[in-house]
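Source file structure_7.cif; content: mmCIF, C-alpha atoms.
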data_start
#
loop_
_atom_site.label_atom_id
_atom_site.label_comp_id
_atom_site.auth_asym_id
_atom_site.auth_seq_id
_atom_site.Cartn_x
_atom_site.Cartn_y
_atom_site.Cartn_z
CA MET A 1 156.98 135.48 198.02
CA ARG A 2 155.32 138.41 196.21
CA LEU A 3 151.91 136.94 197.04
CA THR A 4 152.90 136.72 200.66
CA ASN A 5 153.94 140.37 200.73
CA VAL A 6 150.69 141.41 199.06
CA SER A 7 148.79 139.31 201.54
CA MET A 8 150.60 140.92 204.40
CA ARG A 9 149.85 144.37 203.04
CA LEU A 10 146.19 143.43 202.65
CA ILE A 11 146.07 142.15 206.21
CA SER A 12 147.67 145.37 207.42
CA MET A 13 145.16 147.47 205.49
CA ILE A 14 142.24 145.43 206.82
CA GLY A 15 143.59 145.81 210.32
CA ALA A 16 143.79 149.57 209.92
CA ILE A 17 140.24 149.67 208.63
CA VAL A 18 139.05 147.61 211.58
CA ILE A 19 140.80 149.94 214.01
CA THR A 20 139.32 152.96 212.28
CA LEU A 21 135.85 151.48 212.42
CA GLY A 22 136.39 150.75 216.08
CA LEU A 23 137.34 154.36 216.74
CA TYR A 24 134.60 155.98 214.71
CA GLY A 25 131.91 153.36 214.80
CA CYS A 26 131.39 151.09 217.78
CA GLY A 27 134.05 152.87 219.78
CA GLN A 28 132.24 156.14 219.37
CA ASN A 29 129.02 154.63 220.63
CA GLU A 30 130.78 153.22 223.65
CA SER A 31 132.23 156.62 224.42
CA GLN A 32 128.83 158.21 224.14
CA ASN A 33 127.35 155.64 226.50
CA GLN A 34 130.04 156.07 229.14
CA SER A 35 129.15 158.14 232.13
CA PRO A 36 131.23 161.30 232.58
CA ASN A 37 132.95 159.87 235.64
CA GLU A 38 134.23 156.96 233.50
CA LYS A 39 135.94 159.48 231.25
CA GLY A 40 137.18 161.62 234.13
CA ILE A 41 134.98 164.55 233.09
CA ALA A 42 132.88 166.44 235.58
CA PRO A 43 129.11 166.22 235.14
CA GLN A 44 127.38 169.19 233.54
CA VAL A 45 125.56 171.72 235.68
CA SER A 46 121.85 172.36 235.34
CA VAL A 47 119.24 174.31 237.28
CA GLN A 48 115.81 173.14 238.40
CA LEU A 49 113.42 175.80 237.15
CA TRP A 50 111.27 175.44 240.26
CA SER A 51 114.01 177.53 241.89
CA VAL A 52 112.76 180.55 239.94
CA LYS A 53 109.17 179.48 239.36
CA ASP A 54 107.65 182.95 239.76
CA GLU A 55 110.20 184.50 237.43
CA VAL A 56 109.57 181.75 234.87
CA LYS A 57 105.84 182.45 234.98
CA ARG A 58 106.39 186.18 234.66
CA ASP A 59 109.04 186.12 231.92
CA PHE A 60 109.93 182.66 230.64
CA GLU A 61 112.34 183.67 227.89
CA GLY A 62 114.00 186.44 229.89
CA THR A 63 114.55 184.21 232.91
CA LEU A 64 116.09 181.40 230.88
CA THR A 65 118.31 183.90 229.13
CA ILE A 66 119.59 185.10 232.51
CA LEU A 67 120.25 181.50 233.60
CA ALA A 68 122.15 180.82 230.39
CA ASP A 69 124.23 183.94 231.00
CA MET A 70 125.09 182.57 234.45
CA GLY A 71 126.83 179.70 232.68
CA PHE A 72 124.40 176.86 233.26
CA ASP A 73 124.71 174.01 230.79
CA GLY A 74 121.08 173.02 231.03
CA VAL A 75 117.71 173.29 232.73
CA GLU A 76 115.42 170.81 234.43
CA PHE A 77 111.79 171.58 233.73
CA ALA A 78 109.04 171.63 236.35
CA GLY A 79 105.93 171.91 234.20
CA ASP A 80 106.12 175.49 232.95
CA PHE A 81 107.11 176.16 229.35
CA GLY A 82 105.94 179.72 228.78
CA LYS A 83 104.40 180.19 225.36
CA TYR A 84 105.94 176.91 224.17
CA SER A 85 103.59 174.50 225.99
CA ASP A 86 102.27 173.16 222.68
CA ASP A 87 105.36 173.69 220.55
CA PRO A 88 108.34 171.66 221.76
CA GLN A 89 110.18 172.13 218.47
CA ALA A 90 110.13 175.91 218.90
CA LEU A 91 111.16 175.51 222.54
CA LYS A 92 114.08 173.34 221.47
CA GLY A 93 115.12 176.04 219.01
CA PHE A 94 114.95 178.67 221.72
CA LEU A 95 117.04 176.56 224.10
CA ASP A 96 119.58 175.80 221.37
CA GLY A 97 119.94 179.51 220.76
CA LEU A 98 120.83 179.97 224.42
CA GLY A 99 123.19 176.98 224.46
CA LEU A 100 121.01 175.18 227.00
CA LYS A 101 120.27 171.46 227.08
CA VAL A 102 117.45 169.75 228.94
CA SER A 103 118.90 167.74 231.81
CA GLY A 104 115.53 166.29 232.74
CA ALA A 105 111.98 167.10 233.71
CA HIS A 106 109.88 166.68 236.83
CA ILE A 107 106.52 165.17 235.96
CA PRO A 108 103.86 163.33 237.99
CA PHE A 109 102.95 159.72 237.29
CA GLU A 110 99.68 160.95 235.76
CA LYS A 111 101.54 162.41 232.78
CA LEU A 112 102.60 158.88 231.88
CA ASN A 113 99.24 157.16 232.21
CA GLU A 114 97.70 155.36 229.25
CA GLN A 115 95.91 158.46 228.01
CA GLN A 116 98.87 160.85 228.18
CA PHE A 117 101.91 158.60 227.67
CA ALA A 118 102.34 159.08 223.91
CA ASP A 119 101.93 162.86 224.02
CA THR A 120 104.25 163.22 227.01
CA VAL A 121 106.97 161.11 225.43
CA ALA A 122 106.69 162.95 222.11
CA PHE A 123 106.95 166.35 223.83
CA TYR A 124 110.08 165.54 225.81
CA LYS A 125 111.75 163.61 223.01
CA ALA A 126 111.40 166.70 220.85
CA LEU A 127 113.35 168.59 223.55
CA GLY A 128 116.08 165.95 223.69
CA CYS A 129 115.05 165.14 227.25
CA THR A 130 115.65 161.53 228.27
CA SER A 131 115.16 161.71 232.07
CA LEU A 132 111.61 161.94 233.43
CA ILE A 133 111.61 162.26 237.20
CA VAL A 134 108.63 161.90 239.53
CA PRO A 135 109.20 164.72 242.05
CA TYR A 136 106.86 163.58 244.80
CA ASP A 137 104.35 160.86 245.62
CA ALA A 138 102.92 160.42 249.11
CA ARG A 139 102.59 156.69 248.44
CA ALA A 140 106.38 156.42 248.53
CA PHE A 141 106.46 156.71 252.32
CA ASP A 142 103.24 154.84 253.04
CA PRO A 143 103.75 151.22 254.20
CA GLN A 144 100.55 150.17 252.43
CA GLN A 145 101.38 151.84 249.10
CA ILE A 146 105.15 151.81 248.59
CA GLU A 147 104.80 148.61 246.56
CA ALA A 148 102.53 150.41 244.10
CA VAL A 149 105.17 153.09 243.54
CA VAL A 150 107.83 150.43 242.95
CA ALA A 151 105.54 148.67 240.47
CA ASP A 152 104.80 151.91 238.62
CA LEU A 153 108.49 152.78 238.33
CA ASN A 154 109.41 149.32 237.07
CA ARG A 155 106.57 149.26 234.55
CA LEU A 156 107.43 152.70 233.21
CA SER A 157 111.15 151.95 233.07
CA GLU A 158 110.41 149.08 230.72
CA LYS A 159 107.89 151.09 228.71
CA LEU A 160 110.23 154.07 228.28
CA ALA A 161 113.37 152.08 227.47
CA PRO A 162 112.49 151.55 223.77
CA GLN A 163 112.07 155.33 223.53
CA GLY A 164 115.60 155.88 224.83
CA MET A 165 114.22 157.41 228.01
CA LYS A 166 114.36 156.70 231.74
CA ILE A 167 111.99 157.15 234.64
CA GLY A 168 113.26 158.27 238.02
CA TYR A 169 112.16 159.27 241.49
CA HIS A 170 113.17 162.28 243.60
CA ASN A 171 113.32 162.07 247.39
CA HIS A 172 112.17 164.35 250.17
CA GLU A 173 112.93 163.73 253.84
CA LYS A 174 110.06 161.32 254.49
CA GLU A 175 111.45 158.71 252.11
CA PHE A 176 114.17 158.25 254.73
CA ASN A 177 111.70 157.28 257.44
CA ASP A 178 112.19 153.80 258.89
CA PHE A 179 110.69 150.93 256.93
CA GLN A 180 111.41 147.19 257.17
CA GLN A 181 114.68 147.56 259.10
CA SER A 182 115.81 150.19 256.62
CA THR A 183 114.13 153.17 254.93
CA TYR A 184 111.52 153.69 252.24
CA TRP A 185 114.25 155.07 249.98
CA ASP A 186 116.33 151.92 250.40
CA TYR A 187 113.31 149.74 249.73
CA LEU A 188 112.52 151.67 246.57
CA ALA A 189 116.14 151.51 245.40
CA GLN A 190 116.50 147.79 246.09
CA ASN A 191 113.25 146.80 244.40
CA THR A 192 113.32 148.90 241.25
CA ASN A 193 115.11 148.15 237.99
CA GLU A 194 118.71 149.25 237.63
CA ASN A 195 117.76 151.84 235.01
CA VAL A 196 115.36 153.66 237.35
CA ILE A 197 117.09 156.91 238.28
CA LEU A 198 117.48 157.61 241.99
CA GLN A 199 117.52 161.40 241.84
CA GLN A 200 118.82 162.17 245.27
CA ASP A 201 117.98 165.60 246.64
CA VAL A 202 120.97 166.00 248.91
CA GLY A 203 119.34 168.84 250.84
CA TRP A 204 116.46 166.65 251.96
CA THR A 205 118.82 163.72 252.51
CA THR A 206 120.95 165.68 254.95
CA TYR A 207 117.87 167.24 256.57
CA ALA A 208 116.67 163.68 257.27
CA GLY A 209 119.95 163.01 259.07
CA LYS A 210 121.43 160.78 256.35
CA ASP A 211 124.73 160.98 254.49
CA PRO A 212 124.22 161.73 250.78
CA VAL A 213 127.69 160.43 249.93
CA GLU A 214 126.91 157.08 251.52
CA TYR A 215 123.71 156.83 249.50
CA VAL A 216 125.48 157.50 246.21
CA LYS A 217 127.95 154.74 247.05
CA ARG A 218 125.24 152.39 248.28
CA TYR A 219 123.56 152.32 244.85
CA PRO A 220 126.29 152.67 242.21
CA GLY A 221 125.33 154.01 238.83
CA ARG A 222 121.83 155.01 239.92
CA THR A 223 122.23 158.77 240.45
CA PHE A 224 122.16 159.82 236.80
CA THR A 225 121.10 163.27 237.98
CA THR A 226 121.46 164.69 241.49
CA HIS A 227 119.86 167.74 243.06
CA TYR A 228 122.45 169.97 244.65
CA LYS A 229 120.36 171.84 247.17
CA VAL A 230 120.89 172.99 250.74
CA LYS A 231 118.31 172.28 253.43
CA LEU A 232 120.00 173.17 256.69
CA PRO A 233 119.52 171.00 259.78
CA ASP A 234 117.31 172.65 262.38
CA ASP A 235 120.25 173.08 264.75
CA ALA A 236 122.62 174.65 262.19
CA GLN A 237 124.19 177.92 263.28
CA ASP A 238 125.99 180.61 261.30
CA LYS A 239 125.18 178.85 258.04
CA LEU A 240 123.06 179.77 255.04
CA PRO A 241 121.02 177.62 252.61
CA LEU A 242 123.46 178.39 249.79
CA ILE A 243 126.02 176.05 248.28
CA GLY A 244 129.38 176.79 249.86
CA GLN A 245 127.89 178.48 252.94
CA ASP A 246 126.28 175.40 254.45
CA THR A 247 127.11 172.09 256.19
CA ILE A 248 127.37 169.65 253.26
CA ASP A 249 130.68 168.01 252.29
CA TRP A 250 130.43 168.96 248.62
CA PRO A 251 133.92 167.79 247.55
CA SER A 252 133.22 164.26 248.80
CA LEU A 253 129.80 164.26 247.18
CA ILE A 254 131.19 165.44 243.83
CA GLU A 255 133.82 162.73 244.01
CA ALA A 256 131.20 160.07 244.75
CA ASN A 257 128.95 161.30 241.94
CA MET A 258 131.84 161.17 239.48
CA SER A 259 133.46 157.91 240.57
CA VAL A 260 130.47 155.82 241.66
CA GLY A 261 127.16 157.46 240.86
CA GLY A 262 127.27 157.54 237.07
CA THR A 263 126.13 161.14 237.40
CA HIS A 264 125.74 163.16 234.20
CA TRP A 265 124.04 166.22 235.69
CA LEU A 266 124.43 168.19 238.89
CA VAL A 267 121.15 170.09 239.21
CA VAL A 268 121.24 173.24 241.33
CA GLU A 269 117.97 173.77 243.17
CA GLN A 270 117.24 176.78 245.36
CA GLU A 271 114.11 176.81 247.49
CA GLU A 272 115.17 179.29 250.17
CA TYR A 273 116.34 182.85 249.64
CA PRO A 274 118.17 184.13 252.74
CA ASN A 275 119.01 187.75 253.54
CA ASP A 276 116.24 189.01 251.25
CA LEU A 277 117.97 187.66 248.17
CA LYS A 278 115.88 187.43 245.05
CA PRO A 279 115.55 183.89 243.66
CA LEU A 280 117.85 184.56 240.70
CA GLU A 281 120.43 186.12 243.01
CA ALA A 282 120.37 183.09 245.32
CA VAL A 283 120.65 180.71 242.37
CA LYS A 284 123.65 182.63 241.09
CA ILE A 285 125.42 182.44 244.45
CA SER A 286 124.81 178.69 244.76
CA LYS A 287 125.97 178.18 241.18
CA GLN A 288 129.17 180.10 241.92
CA GLY A 289 129.69 178.10 245.10
CA LEU A 290 129.35 174.83 243.22
CA MET A 291 131.72 175.94 240.45
CA GLU A 292 134.39 176.75 243.02
CA TYR A 293 134.29 173.13 244.20
CA LEU A 294 134.34 171.82 240.64
CA GLU A 295 137.20 174.04 239.58
CA VAL A 296 139.56 172.85 242.32
CA ARG A 297 139.32 169.28 241.14
#
In structure tokens, what does this structure look like?
Amino acid sequence: MRLTNVSMRLISMIGAIVITLGLYGCGQNESQNQSPNEKGIAPQVSVQLWSVKDEVKRDFEGTLTILADMGFDGVEFAGDFGKYSDDPQALKGFLDGLGLKVSGAHIPFEKLNEQQFADTVAFYKALGCTSLIVPYDARAFDPQQIEAVVADLNRLSEKLAPQGMKIGYHNHEKEFNDFQQSTYWDYLAQNTNENVILQQDVGWTTYAGKDPVEYVKRYPGRTFTTHYKVKLPDDAQDKLPLIGQDTIDWPSLIEANMSVGGTHWLVVEQEEYPNDLKPLEAVKISKQGLMEYLEVR
């Protein structure tokens, strides 16, 4: 009987250890791999630095400091790194000091060719950047060349996976032109690997006359990052190209990103500056507009 009690205590202890390991070992990894929407947490908010490209060129550190003070969680790079172009470790230290993460980077396919692949990967890995997004490629809306873009994305998705990184593609309006009873964007989405990020630019999506919410739902888990930008339809009246003063159904889009899209980052992008606003002023207004939608959730 004593042996049985000891055995039972041992079994209980082992069970507790197993549970603990599950919570702090495998369980922790699973939590880290979940998308924010699976945990009911809103995605983080980043800013595409193209929005303030002239300011970044003029004063890289000062501009990023202002963006951090606005409350952004991260930045998405667009090829300008100030004095840190050859020193990603120092750049990472600077960003850490501001409390900024790197939500991703826009880079052309050329940066991932055979000659530049290793250096490009090393640079962005040092920044903690795992999402490399091709911002534009005219082949993507060319009926004779769309297949080449698909092939490049699939090849790079497999090549980057062992590095813990993903490739993605960012749309403009022409990717929504008709192609094979659908659109170029649909063709690209349906023929690329599941881990290829479909970085929807919702401004260009709406400008092309498409519903960005529908496209998040059409390809679940593919919008790891999404550009929150306004591009007003040509017939829009009494609206401004600023988040919250436009025509986009942001609450429905946020809900779709969180519940279906697997979205980790909402990336504010500002390419128009109405009423003589300076770029940083326009970015701040759009950021505030977005936060109002997020805060009512």
query: CA of Thr223 (chain A) and CA of Asp142 (chain A) are how many Å apart?
result: 23.1 Å
message: Here's a test: counting only C-alpha atoms, identify every protein, DNA and RNA residue with an atom at most 7 Å from (118.9, 164.9, 228.4) in the file's coordinate frame, and state them as a ChimeraX atom specification.
response: /A:101-104,128-131
Using C-alpha atoms, can you write the selected residues to a file as an mmCIF file, in the frame of the given file?
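Saved the output as part.cif:
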data_model
loop_
_atom_site.group_PDB
_atom_site.id
_atom_site.type_symbol
_atom_site.label_atom_id
_atom_site.label_comp_id
_atom_site.auth_asym_id
_atom_site.auth_seq_id
_atom_site.Cartn_x
_atom_site.Cartn_y
_atom_site.Cartn_z
ATOM 1 C CA LYS A 101 120.270 171.460 227.080
ATOM 2 C CA VAL A 102 117.450 169.750 228.940
ATOM 3 C CA SER A 103 118.900 167.740 231.810
ATOM 4 C CA GLY A 104 115.530 166.290 232.740
ATOM 5 C CA GLY A 128 116.080 165.950 223.690
ATOM 6 C CA CYS A 129 115.050 165.140 227.250
ATOM 7 C CA THR A 130 115.650 161.530 228.270
ATOM 8 C CA SER A 131 115.160 161.710 232.070
#
message: For a quick check of understanding, using all atoms listed in the file, which of A:Val230, A:Ala189, A:Leu290, A:Ala208 has the smallest distance to Ile254 (chain A)?
response: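 When distances to Ile254 (chain A) are compared using all atoms listed in the file, the smallest one comes from A:Leu290.
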query: Just how far from CA of Tyr207 (chain A) is CA of Ala236 (chain A), in Å to one decimal?
result: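 Atom-to-atom, CA of Ala236 (chain A) and CA of Tyr207 (chain A) are spaced 10.4 Å apart.
The space separating CA of Gly79 (chain A) from CA of Val150 (chain A) comes to 23.3 Å.
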- request: Quick one: everything within 12 Å of Lys111 (chain A), counting only C-alpha atoms, minus sequence neighbours fewer than 3 positions away in the same chain. Send it as a list in words.
  value: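 Residues meeting the cut-off are Gly79, Ala105, His106, Ile107, Pro108, Glu114, Gln115, Gln116, Phe117, Ala118, Asp119, Thr120, Val121, Ala122, Phe123, Tyr124, Leu132, Ile133, Val134, Leu156 and Ile167 of chain A.
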- request: Name all residues at most 10 Å from Arg155 (chain A) (count all atoms listed in the file; drop same-chain ones fewer than 4 positions away) and give them as a ChimeraX atom specification.
  value: /A:149-151,159-160,167,192-193
Export, as a CSV table (one decimal), keeping the file's coordinate frame, the selected residues with C-alpha atoms.
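The file below, selection_20.csv, is the result:
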chain,number,residue,atom,x,y,z
A,149,VAL,CA,105.2,153.1,243.5
A,150,VAL,CA,107.8,150.4,243.0
A,151,ALA,CA,105.5,148.7,240.5
A,159,LYS,CA,107.9,151.1,228.7
A,160,LEU,CA,110.2,154.1,228.3
A,167,ILE,CA,112.0,157.2,234.6
A,192,THR,CA,113.3,148.9,241.2
A,193,ASN,CA,115.1,148.2,238.0
